[in-house]
Each structure stands twice: as C-alpha cells, then as structure tokens.
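Worksheet: one structure, shown below.
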Amino acid sequence: MQPMLEIRDLHVQVEGKEILKGVNLVLPVGQVHAIMGPNGSGKSTLAAVLAGREDYEITRGEVLYQGRSLLELDPEERAREGIFLAFQYPVEIPGVTNMYFLRAAVNAIRKHRGLPELDAMDFLQLVREKLRLLHMDESLLKRSVNEGFSGGEKKRNEILQMAVLEPRLCIMDETDSGLDIDALRVVADGVNSLRSPDRSILVITHYQRLLNYIIPDQVHVLLDGRIVRSGPKELALELEAKGYGWLEQELMTSKL
Amino acid sequence: MLDTRQAGVNLIEQWSAFLRNRLTKEPRPILSRRQAAEAAFAELGYPLRKNEDWKYTNVSLIAQTVWQPALPATPPPLPDWEAVRITLVNGYLVDKQVPLSLTGKIHIYSWREACHQQVELLDAYWNQVARWSQHPFAALNTACFQDAVIVYVLPNQDITLPVHVLVHHEYAGFGAQAAFPRILFVLGDHSCATLVESYSGGSDRCFTCGVVELILERSARLDYYKVQQEKEGSIHIVQAYARLQAQTELRTHIVSTGGGLVRNECDIRLEGQQGTCTLNGLYLARGRQHIDNHTEIEHVAPACSSHELYKGILTNRAHGVFHGKIYVHPGAQKTDAKQTNQALLLSDDAEVDSKPQLEIYADDVRCTHGATVGQLDERQLFYLRTRGISYEQARSLLIYAFAEDIIARIQVEPVRFQLEDMLLAEEGLPLESELRRVPLP
C-alpha cells in the first residue's frame with residue numbers, strides 16, 4: 001500500500017544556511033510516527049516545509065503525499081488535500097473570531113471535496129461536539145483567533161481545528177511545549193481520539209513525555225538535519241534516559 | 001507661482017452677485033457674521049502648505065479652479081431604514097421627515113425657517129463653534145451657503161431613532177461646482193441622540209465645502225457618524241466642530257471611502273467638567289485618493305477624557321494623512337487623553353503621513369499618543385492558508401480584521417452592514433453574515 005508520506009533526500013536552506021541535509025522518511029497510512037531531536041536539529045523547519053512555507057528554499061529532494069508530489073502545492077492546496085500542521089506557536093489573529101475562522105476553513109476544505117458548505121447552525125453542532133472532547137469552553141469561539149489565549153488554550157485550539165478539519169495527515173510541531181501535565185493529557189486524548197486506520201500522524205517533539213500518551217508506531221531521531229536512527233517506541237525511552245549527546249557521540253565514532 | 005490668497009479674493013469677487021443676493025432675508029446680527037466670514041476668507045485665502053495645518057494636503061487645485069455655486073436639484077432615492085430623515089442636495093434642504101412618535105421632541109428647521117422664526121436659537125448657537133476666523137474653508141462656507149439645516153433636540157429627550165442627514169452633491173454636468181452644506185445640531189440638557197451624516201454623489205468637478213456644528217448641552221449624549229462615500233475624484237472638505245458642556249458624552253465615527261481629495265476635520269472643545277469624547281476613524285484609500293483626517297481636541301475644563309483611534313487602509317498610490325492635536329489648557333487638570341492612529345499599507349506606493357501634536361499646559365494629566373504603519377502579517381497569512389483558506393480570502397480577512405474594532409463600535413446597523421459589505425466586496429471576500437459577530441444560537 002502506498003505510504004501517506006514519503007520524504008526522499010530532502011535538503012532545505014533557510015536564509016542561505018542548510019538546515020535539512022537529506023531527510024528520508026516513510027510514514028505509512030494509519031501509523032503514528034514521532035520525530036525527536038534537540039533544538040536546532042531542523043524539526044520545525046521540516047514541519048514548516050511540509051505545510052508549505054514559502055521562504056524556505058528546497059535545494060534537493062522530493063516529498064510525496066499519497067504518491068503525489070507535494071512541493072509545488074500552495075499551503076491552502078495542501079490543507080484542502082488533507083494535510084494539517086499544528087503549530088508550535090499558534091498565530092494570534094485579532095479581529096477574526098475563532099468561529100468565523102473555523103467555519104471558513106471547514107468550508108474551504110468541504111468545497112474542495114465537493115461537499116456542500118455548512119451553514120452556521122450545522123457548523124455549530126459539529127464544533128460543539130469537538131469542544132466537549134477537548135474540554136474547551138464554547139466562549140472560545142466568540143473570541144478572536146488565539147488572541148489572549150493561554151498556552152494551553154492555544155494548543156487545544158490547534159487540536160480543535162484538527163478535529164474539525166479531519167485531515168489525513170497531521171503534523172504536530174512540539175504540541176507538548178509549554179503544557180502542564182493536565183493540559184498535556186487533554187491534548188493527547190484529543191489526538192488519540194483522531195487516530196484511525198486511514199489517518200497518519202507525525203509527532204514532532206523534543207521530549208519523550210508526550211509519547212507516554214501518544215504511543216508512536218515508530219520513532220525517528222533527527223540530528224543536524226538528518227534522520228540518524230529509527231526504531232520502535234522504546235527508542236524514545238532510551239533517548240530520554242541517555243540524552244541526545246549519546247547518539248551524537250556514537251555518530252562521531254562511527255564516522256571515524 | 002499660484003497666489004492662493006489672490007485666488008481667494010478672486011472667488012469672492014466672482015461670486016459677489018451670488019453673495020449679495022441671498023435667498024433668505026437674514027436678521028442683521030446673522031448677516032453681519034456672514035459678512036465677517038466673507039472678509040476673513042478674503043483675508044486668509046486658500047491655505048498654503050507652509051500653513052502647518054495644511055502641510056500634507058495640497059489645495060492648490062481648488063484655488064486654480066473656477067467654481068460655480070451648485071444649484072438646487074432633485075434628491076436621490078432615500079435609504080429605507082427607519083430614521084428621522086433630512087436630505088440636503090447641493091447644500092439645500094429638500095426634505096425632512098420626522099416620525100410621529102418624535103414630534104415635539106425634535107425640531108428641524110431650514111435656514112429660512114430659522115431666520116424667520118428661530119432668531120433666538122440661531123443667535124444662541126449658530127456659528128458659535130465653527131472656527132471661521134482661523135479656518136479658511138469654514139469661513140468660505142459661512143460666507144457662501146444659501147441654505148442650512150438646524151436640528152434642535154429639546155432637553156430631556158431620548159431620540160431613539162437615528163437622525164439621518166443625507167448630504168448629496170448632484171453634479172449639473174457642466175463646469176466645476178461647489179456646494180456648501182451647513183448643519184447645526186443642538187442637543188438640549190440631558191438629551192441623547194444619534195446623528196448619521198452620509199455624503200454621496202459628487203464627481204471630479206465637484207467640491208463639497210461643509211461645516212457641521214454640534215452643541216451638547218449639559219449631560220447630553222451624542223453618537224455622531226460621518227460616512228463619506230462621494231464619487232471618485234470629488235473634493236470634500238468638511239469641518240465638524242463640537243462643543244461639550246459638563247458630563248456630556250460624544251462618540252464620533254468618521255468613515256471615508258470615497259472622493260479624490262478628502263479632508264475630514266473634527267474639532268472638539270471640552271468646556272465642562274467630566275465631558276468625555278471617543279473618536280473613531282476609518283478610511284479606505286485606493287487609486288490616487290488623498291484622505292486627510294484632522295482632529296483637534298481642546299481640553300478646556302478639568303476631568304475630561306478624550307480617546308481617539310483612527311485607522312487607515314491604503315493601496316495603489318493612495319495618500320493618507322492623520323493630524324491629531326490635543327491641547328490641554330492650564331486649568332484642565334485630570335485630563336485623560338489618548339490618541340492612536342494606525343495605517344495598513346497594501347502597496348509599496350501608498351503613503352501615509354502622521355502628525356501627533358500635543359500641547360499641554362496643565363501638570364496633572366495623562367496624555368499618550370502612538371502611531372503605527374504596517375503591512376499584512378506574513379505569519380498570519382500563512383497560518384490562515386494552512387487551514388485551507390485561499391491567499392485572496394486570507395488577505396481580505398486580515399484587512400477586515402484590521403478595521404474590525406472600529407467597525408464593531410458602529411451601533412447603527414445599516415451603517416455597519418453597508419461598511420462591512422463595502423470592505424469585503426472591495427477585497428473580494430465572499431460576504432458571509434457570520435463575520436458580523438452574529439450571537440451564538
């Protein structure tokens with residue numbers, strides 16, 4: 001079966017500096033993979049490139065999404081095709097209510113899929129159900145997008161969008177950062193409820209903590225712009241115990 | 001080089017027949033004020049750019065044009081929302097409609113009616129706050145208008161319907177024409193009302209030179225809206241002057257989207273203690289439009305507040321100007337004045353000049369000002385696009401969002417809806433009523 005996502009020898013420069021130096025990754029349909037790595041290893045760059053950020057320069061390689069080349073699509077086309085990026089730092093948009101934003105997004109995607117657009121009542125029904133799931137207050141819908149939200153509210157709002165948009169590929173960029181343990185659990189529960197045989201999830205994280213709640217099928221370690229090791233979920237525990245220094249060290253010796 | 005002062009004198013000379021043959025026989029004190037204004041304009045002439053108040057707005061085009069006074073004409077169709085309706089066409093009062101429920105609470109007079117029956121009212125209020133001795137265009141209006149509307153709200157009245165004044169400039173089709181709309185709105189003690197002025201019509205051969213006087217007696221409350229949507233190329237210089245007595249509240253909403261050369265002046269004098277004014281401004285300028293918002297707030301009495309927020313959206317080669325003066329008199333302790341103006345530039349060739357001017361002669365005051373000029377936020381655009389929203393729609397949404405706080409303060413629904421429609425249609429956003437903060441079911 002065709003994988004959900006296949007990254008082949010991806011090289012990316014940001015402001016003239018090479019950040020990704022040949023990333024290879026295969027994410028099968030229905031699986032959850034984690035990408036772990038220290039600060040500066042290129043995790044967020046990878047997430048942004050997959051979502052379509054235009055100021056990053058792809059110098060080599062390709063990305064296939066359900067067998068089709070992804071890189072020439074605009075960010076909105078990727079979203080409509082089912083890719084969702086949960087941001088590490090969700091952006092505040094004063095002056096646009098969360099409700100309007102969510103519905104505009106849902107309808108853009110529904111339109112693309114040939115489905116009728118939802119009116120305000122239908123949409124509210126849909127979103128209420130998802131709100132309960134994420135222990136979110138309905139009043140968040142009336143507020144401007146992410147404006148004045150706490151760290152936890154922002155992350156939950158990302159998962160809410162994910163739940164409402166029903167993507168096929170979810171990319172979660174450090175969704176655990178800045179969350180206390182209770183919020184982490186709520187977010188993880190939300191993500192777990194979205195696990196399904198036809199949806200794949202890429203969890204990008206610095207710490208193993210989140211992976212106690214969202215159990216991955218596979219773990220990849222990103223170091224200095226390359227995936228240096230892949231393994232089962234236990235790899236995350238090993239990293240937690242030994243730190244990234246251990247792998248760096250090992251890589252150095254193997255090079256010699 | 002153009003001698004603008006000479007141009008002013010020339011205009012007065014050209015128009016001498018018009019100025020000597022007034023349509024209304026005016027009481028002597030009124031007539032003498034008009035003649036004084038005429039002399040003031042001849043003395044001041046059209047303002048030059050070396051005049052600080054006109055530094056960024058060049059009116060030499062007005063001085064170079066030979067103007068004919070606009071003549072009475074038929075009114076355009078009126079909007080259908082419920083209101084006290086007043087229609088001025090080319091400065092002439094052509095229609096007024098007061099619903100039965102409000103008779104006896106609000107009086108509306110034409111200039112002729114006021115000169116014949118309401119001399120005391122005129123004497124007490126008319127031309128008391130317009131600063132015609134300093135402002136050339138206020139002097140020109142005061143000298144030249146042939147008709148006016150005078151609205152008097154009796155004390156202790158709550159005028160629940162908006163008072164809508166349609167100020168329409170109908171171009172006769174030949175030559176260049178100038179109209180001089182003149183409005184006096186008096187709110188008696190403890191009364192409250194909403195005044196909506198909308199400016200329409202015009203052409204690139206039309207000049208609307210207006211003066212609005214707003215008088216708020218003790219504890220009065222007024223919501224004042226000015227919506228300027230004249231046709232492309234129209235020249236619009238309209239100066240609003242307000243005087244606030246103790247415990248009054250004035251909220252102004254000045255919105256400009258039309259015209260070619262536009263100057264909205266809003267001068268407020270806080271003369272009684274605990275007066276408050278809130279000024280909201282929004283302009284949308286495109287093509288080669290020039291939109292100038294000039295505000296001047298004078299804190300004469302202590303313990304008054306003025307909060308001012310102006311926003312501009314500019315594209316193409318448009319030029320925006322914001323000049324905000326706050327003057328705090330020596331006795332005006334405990335003044336609380338805040339001024340903010342923000343511009344959103346959507347093209348490289350759009351330009352905005354911003355000039356705050358604070359003159360403070362009291363020591364126990366709080367006065368702040370801030371100005372920002374920015375572009376659309378790339379991070380916000382990207383965020384919206386990653387949710388499937390197209391680039392164009394994301395852009396419109398962010399433009400709308402920039403103006404949203406000003407729009408949200410517009411309480412008169414037809415005005416707000418019209419503005420929303422225009423803003424969104426302008427930027428190609430499919431209009432959806434949900435953007436209008438519809439309450440959750």
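In the structure tokens, chains take letters A, B, ... by order of appearance, with residues numbered from 1 within each chain and ligands from 1 in the order shown.
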
**OP:** Compile the contact shell of region 320-336 of chain B as a ChimeraX atom specification: residues with an atom at most 7 Å away, counting only C-alpha atoms, same-chain residues fewer than 5 positions apart removed.
**Re:** /B:56,290-306,351-367

Dump as a short mmCIF file (atom, residue, chain, number, x, y, z; two decimals), in the first residue's frame, selection limited to N, CA and C atoms:
```
data_model
loop_
_atom_site.label_atom_id
_atom_site.label_comp_id
_atom_site.auth_asym_id
_atom_site.auth_seq_id
_atom_site.Cartn_x
_atom_site.Cartn_y
_atom_site.Cartn_z
N TYR B 56 0.42 68.59 4.63
CA TYR B 56 0.42 67.37 3.81
C TYR B 56 -0.71 67.34 2.79
N HIS B 290 -6.59 60.93 -1.88
CA HIS B 290 -5.88 61.58 -0.78
C HIS B 290 -6.91 61.79 0.34
N ILE B 291 -6.68 61.14 1.47
CA ILE B 291 -7.65 61.28 2.56
C ILE B 291 -6.92 61.78 3.80
N ASP B 292 -7.38 62.93 4.26
CA ASP B 292 -6.73 63.61 5.37
C ASP B 292 -7.72 63.68 6.53
N ASN B 293 -7.33 63.16 7.66
CA ASN B 293 -8.14 63.30 8.87
C ASN B 293 -7.43 64.22 9.84
N HIS B 294 -8.12 65.26 10.17
CA HIS B 294 -7.50 66.27 11.03
C HIS B 294 -8.37 66.38 12.28
N THR B 295 -7.79 66.14 13.43
CA THR B 295 -8.59 66.25 14.65
C THR B 295 -7.90 67.20 15.61
N GLU B 296 -8.72 67.90 16.32
CA GLU B 296 -8.19 68.84 17.29
C GLU B 296 -9.09 68.78 18.53
N ILE B 297 -8.50 68.39 19.63
CA ILE B 297 -9.30 68.27 20.85
C ILE B 297 -8.76 69.26 21.87
N GLU B 298 -9.66 70.09 22.32
CA GLU B 298 -9.25 71.10 23.28
C GLU B 298 -9.83 70.77 24.63
N HIS B 299 -8.96 70.48 25.58
CA HIS B 299 -9.41 70.25 26.95
C HIS B 299 -9.38 71.59 27.68
N VAL B 300 -10.56 72.17 27.81
CA VAL B 300 -10.65 73.47 28.49
C VAL B 300 -10.95 73.24 29.97
N ALA B 301 -11.89 72.32 30.25
CA ALA B 301 -12.33 72.08 31.63
C ALA B 301 -11.57 70.88 32.20
N PRO B 302 -11.49 70.80 33.54
CA PRO B 302 -10.80 69.67 34.14
C PRO B 302 -11.61 68.36 34.07
N ALA B 303 -10.91 67.27 34.32
CA ALA B 303 -11.52 65.93 34.47
C ALA B 303 -12.30 65.46 33.25
N CYS B 304 -11.82 65.80 32.09
CA CYS B 304 -12.46 65.31 30.87
C CYS B 304 -11.56 64.26 30.23
N SER B 305 -12.17 63.42 29.39
CA SER B 305 -11.33 62.45 28.70
C SER B 305 -11.61 62.46 27.21
N SER B 306 -10.58 62.17 26.46
CA SER B 306 -10.73 62.03 25.01
C SER B 306 -9.92 60.83 24.57
N GLU B 351 1.11 55.80 0.76
CA GLU B 351 1.91 56.62 1.66
C GLU B 351 1.02 57.19 2.76
N VAL B 352 1.59 57.32 3.93
CA VAL B 352 0.80 57.94 5.00
C VAL B 352 1.69 58.89 5.80
N ASP B 353 1.14 60.03 6.12
CA ASP B 353 1.83 60.98 6.99
C ASP B 353 1.05 61.10 8.27
N SER B 354 1.77 61.02 9.36
CA SER B 354 1.10 61.03 10.65
C SER B 354 1.74 62.09 11.52
N LYS B 355 0.90 62.93 12.08
CA LYS B 355 1.47 64.00 12.88
C LYS B 355 0.69 64.20 14.17
N PRO B 356 1.18 63.63 15.26
CA PRO B 356 0.56 63.93 16.54
C PRO B 356 1.09 65.27 17.03
N GLN B 357 0.26 65.98 17.74
CA GLN B 357 0.70 67.29 18.24
C GLN B 357 0.05 67.50 19.60
N LEU B 358 0.85 67.40 20.64
CA LEU B 358 0.31 67.55 21.99
C LEU B 358 0.82 68.85 22.60
N GLU B 359 -0.11 69.67 23.02
CA GLU B 359 0.30 70.89 23.72
C GLU B 359 -0.38 70.86 25.08
N ILE B 360 0.44 70.75 26.11
CA ILE B 360 -0.11 70.51 27.43
C ILE B 360 0.34 71.60 28.39
N TYR B 361 -0.63 72.32 28.94
CA TYR B 361 -0.31 73.42 29.85
C TYR B 361 -0.84 73.18 31.26
N ALA B 362 -1.15 71.91 31.58
CA ALA B 362 -1.56 71.56 32.94
C ALA B 362 -0.61 70.46 33.38
N ASP B 363 -0.41 70.29 34.71
CA ASP B 363 0.62 69.33 35.11
C ASP B 363 0.07 67.98 35.57
N ASP B 364 -1.19 67.93 35.97
CA ASP B 364 -1.72 66.67 36.47
C ASP B 364 -2.62 66.03 35.40
N VAL B 365 -1.99 65.52 34.36
CA VAL B 365 -2.76 64.98 33.24
C VAL B 365 -2.16 63.67 32.76
N ARG B 366 -2.94 62.93 32.03
CA ARG B 366 -2.40 61.74 31.39
C ARG B 366 -2.66 61.85 29.89
N CYS B 367 -1.62 62.00 29.13
CA CYS B 367 -1.78 62.13 27.69
C CYS B 367 -0.83 61.17 26.99
#
```

**OP:** Extract, using only C-alpha atoms, all DNA, RNA and protein residues at most 7 Å from region 110-122 of chain A, discarding same-chain residues fewer than 4 positions from it, and format them as a list in words.
**Re:** Arg80, Val106 and Leu126 of chain A

Same residues, all heavy atoms, output as a CSV table (one decimal), in the first residue's frame:
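Resulting contents of out.csv:
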```csv
chain,number,residue,atom,x,y,z
A,80,ARG,N,-6.3,21.6,1.8
A,80,ARG,CA,-7.5,21.0,1.2
A,80,ARG,C,-7.3,19.6,0.8
A,80,ARG,O,-8.3,18.8,0.8
A,80,ARG,CB,-7.9,21.9,0.0
A,80,ARG,CG,-8.3,23.3,0.4
A,80,ARG,CD,-8.5,24.1,-0.9
A,80,ARG,NE,-8.6,25.5,-0.5
A,80,ARG,CZ,-8.5,26.5,-1.4
A,80,ARG,NH1,-8.4,26.2,-2.7
A,80,ARG,NH2,-8.6,27.7,-1.0
A,106,VAL,N,-13.3,25.1,7.4
A,106,VAL,CA,-14.0,23.9,7.1
A,106,VAL,C,-14.7,24.0,5.7
A,106,VAL,O,-14.6,23.1,4.9
A,106,VAL,CB,-15.1,23.7,8.2
A,106,VAL,CG1,-16.2,22.7,7.7
A,106,VAL,CG2,-14.5,23.2,9.4
A,126,LEU,N,-21.5,20.7,14.8
A,126,LEU,CA,-20.2,19.9,14.6
A,126,LEU,C,-19.2,20.4,15.6
A,126,LEU,O,-18.5,19.5,16.3
A,126,LEU,CB,-19.7,20.2,13.2
A,126,LEU,CG,-18.3,19.7,12.9
A,126,LEU,CD1,-18.3,18.2,12.6
A,126,LEU,CD2,-17.8,20.4,11.6
```

Using only C-alpha atoms, I'd like a table of the residues in chain B that come within 6 Å of chain A; for each, show the closest atom pair and its distance in Å rounded to one decimal, ordered by chain and ascending number, as a Markdown table.
```
| residue | atom | partner | partner_atom | distance |
| --- | --- | --- | --- | --- |
| B:Arg385 | CA | A:Glu76 | CA | 4.6 |
| B:Thr386 | CA | A:Pro75 | CA | 5.2 |
| B:Arg387 | CA | A:Ala105 | CA | 5.5 |
| B:Gly388 | CA | A:Glu76 | CA | 4.1 |
| B:Ile389 | CA | A:Ala105 | CA | 5.7 |
| B:Ser390 | CA | A:Glu76 | CA | 5.8 |
| B:Ala401 | CA | A:Gly95 | CA | 4.1 |
| B:Glu404 | CA | A:Gly95 | CA | 5.3 |
```

Atoms kept (N, CA and C atoms) for selection, written as a short mmCIF file (atom, residue, chain, number, x, y, z; two decimals), in the first residue's frame:
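This is the output file again_20.cif:
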```
data_model
loop_
_atom_site.label_atom_id
_atom_site.label_comp_id
_atom_site.auth_asym_id
_atom_site.auth_seq_id
_atom_site.Cartn_x
_atom_site.Cartn_y
_atom_site.Cartn_z
N ARG B 385 -3.71 30.20 5.55
CA ARG B 385 -3.60 29.36 4.35
C ARG B 385 -3.41 27.89 4.71
N THR B 386 -2.69 27.63 5.81
CA THR B 386 -2.51 26.22 6.19
C THR B 386 -3.82 25.60 6.65
N ARG B 387 -4.86 26.41 6.77
CA ARG B 387 -6.17 25.86 7.14
C ARG B 387 -7.09 25.77 5.92
N GLY B 388 -6.51 25.95 4.74
CA GLY B 388 -7.29 25.77 3.52
C GLY B 388 -7.88 27.05 2.95
N ILE B 389 -7.66 28.16 3.65
CA ILE B 389 -8.22 29.44 3.20
C ILE B 389 -7.30 30.02 2.12
N SER B 390 -7.88 30.45 1.01
CA SER B 390 -7.05 30.90 -0.12
C SER B 390 -6.29 32.17 0.25
N ALA B 401 -10.01 42.35 9.48
CA ALA B 401 -9.65 42.24 10.90
C ALA B 401 -8.98 43.51 11.40
N GLU B 404 -11.68 45.86 12.18
CA GLU B 404 -12.80 45.28 12.92
C GLU B 404 -13.17 46.05 14.19
#
```

Subject >> Selection: 6 Å around region 249-263 of chain B, only C-alpha atoms, excl. self and same-chain fewer than 6 positions, as a ChimeraX atom specification >> reply: /B:221-237,275-284,289-293

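Reported to one decimal place, the separation of CA of Cys209 (chain B) from CA of Tyr109 (chain B) is 20.6 Å.
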
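Considering only C-alpha atoms, the residue among A:Tyr244, A:Tyr65, A:Tyr56, A:Tyr207 positioned nearest to Gly178 (chain A) is A:Tyr207.
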
Extract, using only C-alpha atoms, all DNA, RNA and protein residues at most 8 Å from Ile150 (chain B), discarding same-chain residues fewer than 5 positions from it, and format them as an mmCIF file with C-alpha atoms, in the first residue's frame.
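File produced: selection-v3.cif:
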```
data_model
loop_
_atom_site.group_PDB
_atom_site.id
_atom_site.type_symbol
_atom_site.label_atom_id
_atom_site.label_comp_id
_atom_site.auth_asym_id
_atom_site.auth_seq_id
_atom_site.Cartn_x
_atom_site.Cartn_y
_atom_site.Cartn_z
ATOM 1 C CA ILE B 108 -35.874 70.656 12.253
ATOM 2 C CA TYR B 109 -35.619 73.993 10.506
ATOM 3 C CA SER B 110 -34.410 75.153 7.141
ATOM 4 C CA TRP B 111 -32.274 78.258 7.080
ATOM 5 C CA ALA B 114 -34.766 79.535 11.360
ATOM 6 C CA ILE B 183 -25.543 71.707 9.612
ATOM 7 C CA LEU B 184 -26.251 72.824 13.154
ATOM 8 C CA PHE B 185 -27.233 70.139 15.648
ATOM 9 C CA VAL B 186 -28.156 71.164 19.174
#
```

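Among B:Arg379, B:Glu13, B:Val151, B:Val129, the residue with the shortest atom-to-atom distance to Leu270 (chain B), counting only C-alpha atoms, is B:Val129.
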
What are the closest atom pairs, with distances in Å to one decimal, for all residues of region 142-183 of chain B lying within 10 Å of region 192-203 of chain B? Consider only C-alpha atoms, order rows by chain and residue number, and present the result as CSV.
```
residue,atom,partner,partner_atom,distance
B:Val153,CA,B:Ala193,CA,8.2
B:Leu154,CA,B:Cys192,CA,9.8
B:Pro155,CA,B:Cys192,CA,9.0
B:Asn156,CA,B:Cys192,CA,8.0
B:Gln157,CA,B:Cys192,CA,6.4
B:Asp158,CA,B:Cys192,CA,5.0
B:Ile159,CA,B:Ala193,CA,5.0
B:Thr160,CA,B:Ala193,CA,6.8
B:Leu161,CA,B:Thr194,CA,7.3
B:Pro162,CA,B:Thr194,CA,4.8
B:Val163,CA,B:Leu195,CA,4.8
B:His164,CA,B:Val196,CA,4.7
B:Val165,CA,B:Glu197,CA,4.7
B:Leu166,CA,B:Ser198,CA,5.1
B:Val167,CA,B:Tyr199,CA,4.8
B:His168,CA,B:Ser200,CA,4.8
B:His169,CA,B:Gly201,CA,4.8
B:Glu170,CA,B:Gly201,CA,5.7
B:Tyr171,CA,B:Gly202,CA,6.0
B:Ala172,CA,B:Gly202,CA,9.8
B:Gly173,CA,B:Ser203,CA,9.2
B:Ala176,CA,B:Ser203,CA,9.4
B:Gln177,CA,B:Gly202,CA,9.4
B:Ala178,CA,B:Gly202,CA,9.7
B:Ala179,CA,B:Gly202,CA,9.7
B:Ile183,CA,B:Glu197,CA,9.8
```

**OP:** Work out how far CA of Leu346 (chain B) is from CA of Glu392 (chain B), in Å to one decimal.
**Re:**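 Separation between CA of Glu392 (chain B) and CA of Leu346 (chain B): 12.8 Å.
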
Subject >> Exercise: Ala130 (chain B) partners within 9 Å, only C-alpha atoms, chain neighbours under 6 positions left out, as a ChimeraX atom specification >> reply: /B:138-139,142,211-213,239-242,267

Subject >> In region 1-227 of chain A, DSSP strand (DSSP E) residues written as number ranges by chain >> reply: A: 5-14, 17-27, 32-36, 57-65, 68-69, 83-86, 93-97, 144-145, 169-173, 200-205, 218-223, 226-227

**OP:** Would you mind listing what lies within 9 Å of Ser41 (chain A) as a PyMOL selection string, with only C-alpha atoms counted and same-chain residues fewer than 3 positions away left out?
**Re:** chain A and resi 19-20+37-38+44-45+222-226

With C-alpha atoms retained, export the selected residues as a PDB file, in the first residue's frame.
```pdb
ATOM      1  CA  ILE A  19      19.105  23.185   7.775  1.00  0.00           C
ATOM      2  CA  LEU A  20      17.859  19.889   6.367  1.00  0.00           C
ATOM      3  CA  GLY A  37      15.589  15.818  18.121  1.00  0.00           C
ATOM      4  CA  PRO A  38      17.379  18.514  20.079  1.00  0.00           C
ATOM      5  CA  SER A  44      10.365  22.823  12.943  1.00  0.00           C
ATOM      6  CA  THR A  45      11.865  23.508   9.531  1.00  0.00           C
ATOM      7  CA  LEU A 222      16.650  13.995  13.701  1.00  0.00           C
ATOM      8  CA  LEU A 223      20.148  15.294  14.318  1.00  0.00           C
ATOM      9  CA  ASP A 224      21.791  18.117  12.432  1.00  0.00           C
ATOM     10  CA  GLY A 225      19.377  17.921   9.516  1.00  0.00           C
ATOM     11  CA  ARG A 226      19.352  14.155   9.019  1.00  0.00           C
TER      12      ARG A 226
END
```

Exercise: Asp182 (chain A) partners within 12 Å, only C-alpha atoms, chain neighbours under 3 positions left out, as a PDB file with N, CA and C atoms, in the first residue's frame:
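Just written: part.pdb:
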```
ATOM      1  N   LEU A 134     -12.403  18.162  23.803  1.00  0.00           N
ATOM      2  CA  LEU A 134     -11.159  18.828  24.198  1.00  0.00           C
ATOM      3  C   LEU A 134     -11.306  19.654  25.474  1.00  0.00           C
ATOM      4  N   HIS A 135     -12.406  19.476  26.164  1.00  0.00           N
ATOM      5  CA  HIS A 135     -12.674  20.236  27.398  1.00  0.00           C
ATOM      6  C   HIS A 135     -12.508  21.737  27.152  1.00  0.00           C
ATOM      7  N   GLY A 152      -1.955  26.735  26.952  1.00  0.00           N
ATOM      8  CA  GLY A 152      -2.731  25.501  26.841  1.00  0.00           C
ATOM      9  C   GLY A 152      -3.933  25.675  25.924  1.00  0.00           C
ATOM     10  N   ARG A 156      -4.798  23.599  22.538  1.00  0.00           N
ATOM     11  CA  ARG A 156      -6.086  22.907  22.409  1.00  0.00           C
ATOM     12  C   ARG A 156      -6.849  23.417  21.193  1.00  0.00           C
ATOM     13  N   ASP A 176       3.549  19.621  22.655  1.00  0.00           N
ATOM     14  CA  ASP A 176       3.668  19.478  24.105  1.00  0.00           C
ATOM     15  C   ASP A 176       4.367  20.656  24.767  1.00  0.00           C
ATOM     16  N   GLY A 178       5.298  23.881  26.546  1.00  0.00           N
ATOM     17  CA  GLY A 178       4.544  24.860  27.324  1.00  0.00           C
ATOM     18  C   GLY A 178       3.257  24.330  27.933  1.00  0.00           C
ATOM     19  N   LEU A 179       3.060  23.020  27.948  1.00  0.00           N
ATOM     20  CA  LEU A 179       1.835  22.478  28.541  1.00  0.00           C
ATOM     21  C   LEU A 179       2.125  21.846  29.900  1.00  0.00           C
ATOM     22  N   ARG A 185      -2.400  15.967  28.887  1.00  0.00           N
ATOM     23  CA  ARG A 185      -3.256  14.786  28.828  1.00  0.00           C
ATOM     24  C   ARG A 185      -4.491  15.062  27.955  1.00  0.00           C
ATOM     25  N   VAL A 186      -5.053  16.259  28.127  1.00  0.00           N
ATOM     26  CA  VAL A 186      -6.236  16.619  27.324  1.00  0.00           C
ATOM     27  C   VAL A 186      -5.884  16.639  25.839  1.00  0.00           C
ATOM     28  N   VAL A 187      -4.735  17.258  25.545  1.00  0.00           N
ATOM     29  CA  VAL A 187      -4.302  17.356  24.155  1.00  0.00           C
ATOM     30  C   VAL A 187      -4.045  15.957  23.593  1.00  0.00           C
ATOM     31  N   ALA A 188      -3.367  15.143  24.388  1.00  0.00           N
ATOM     32  CA  ALA A 188      -3.053  13.785  23.921  1.00  0.00           C
ATOM     33  C   ALA A 188      -4.324  12.966  23.697  1.00  0.00           C
ATOM     34  N   ASP A 189      -5.276  13.110  24.611  1.00  0.00           N
ATOM     35  CA  ASP A 189      -6.554  12.408  24.446  1.00  0.00           C
ATOM     36  C   ASP A 189      -7.217  12.829  23.141  1.00  0.00           C
ATOM     37  N   LEU A 210       5.481  13.439  25.875  1.00  0.00           N
ATOM     38  CA  LEU A 210       4.236  13.372  25.103  1.00  0.00           C
ATOM     39  C   LEU A 210       3.974  11.945  24.598  1.00  0.00           C
ATOM     40  N   TYR A 213       1.770   9.398  26.201  1.00  0.00           N
ATOM     41  CA  TYR A 213       0.321   9.495  25.998  1.00  0.00           C
ATOM     42  C   TYR A 213      -0.076   9.198  24.559  1.00  0.00           C
TER      43      TYR A 213
END
```

Original post:
Could you pull out the alpha helix (DSSP H) residues of region 123-197 of chain A from DSSP and send them as number ranges by chain?
Top reply: A: 123-133, 151-165, 181-193

Original post:
Between A:Ile171, A:Phe149, A:Leu247, A:Leu140, which is the closest to Ile227 (chain A) once you count only C-alpha atoms?
Top reply: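 Distance minimum relative to Ile227 (chain A) lands on A:Leu247.
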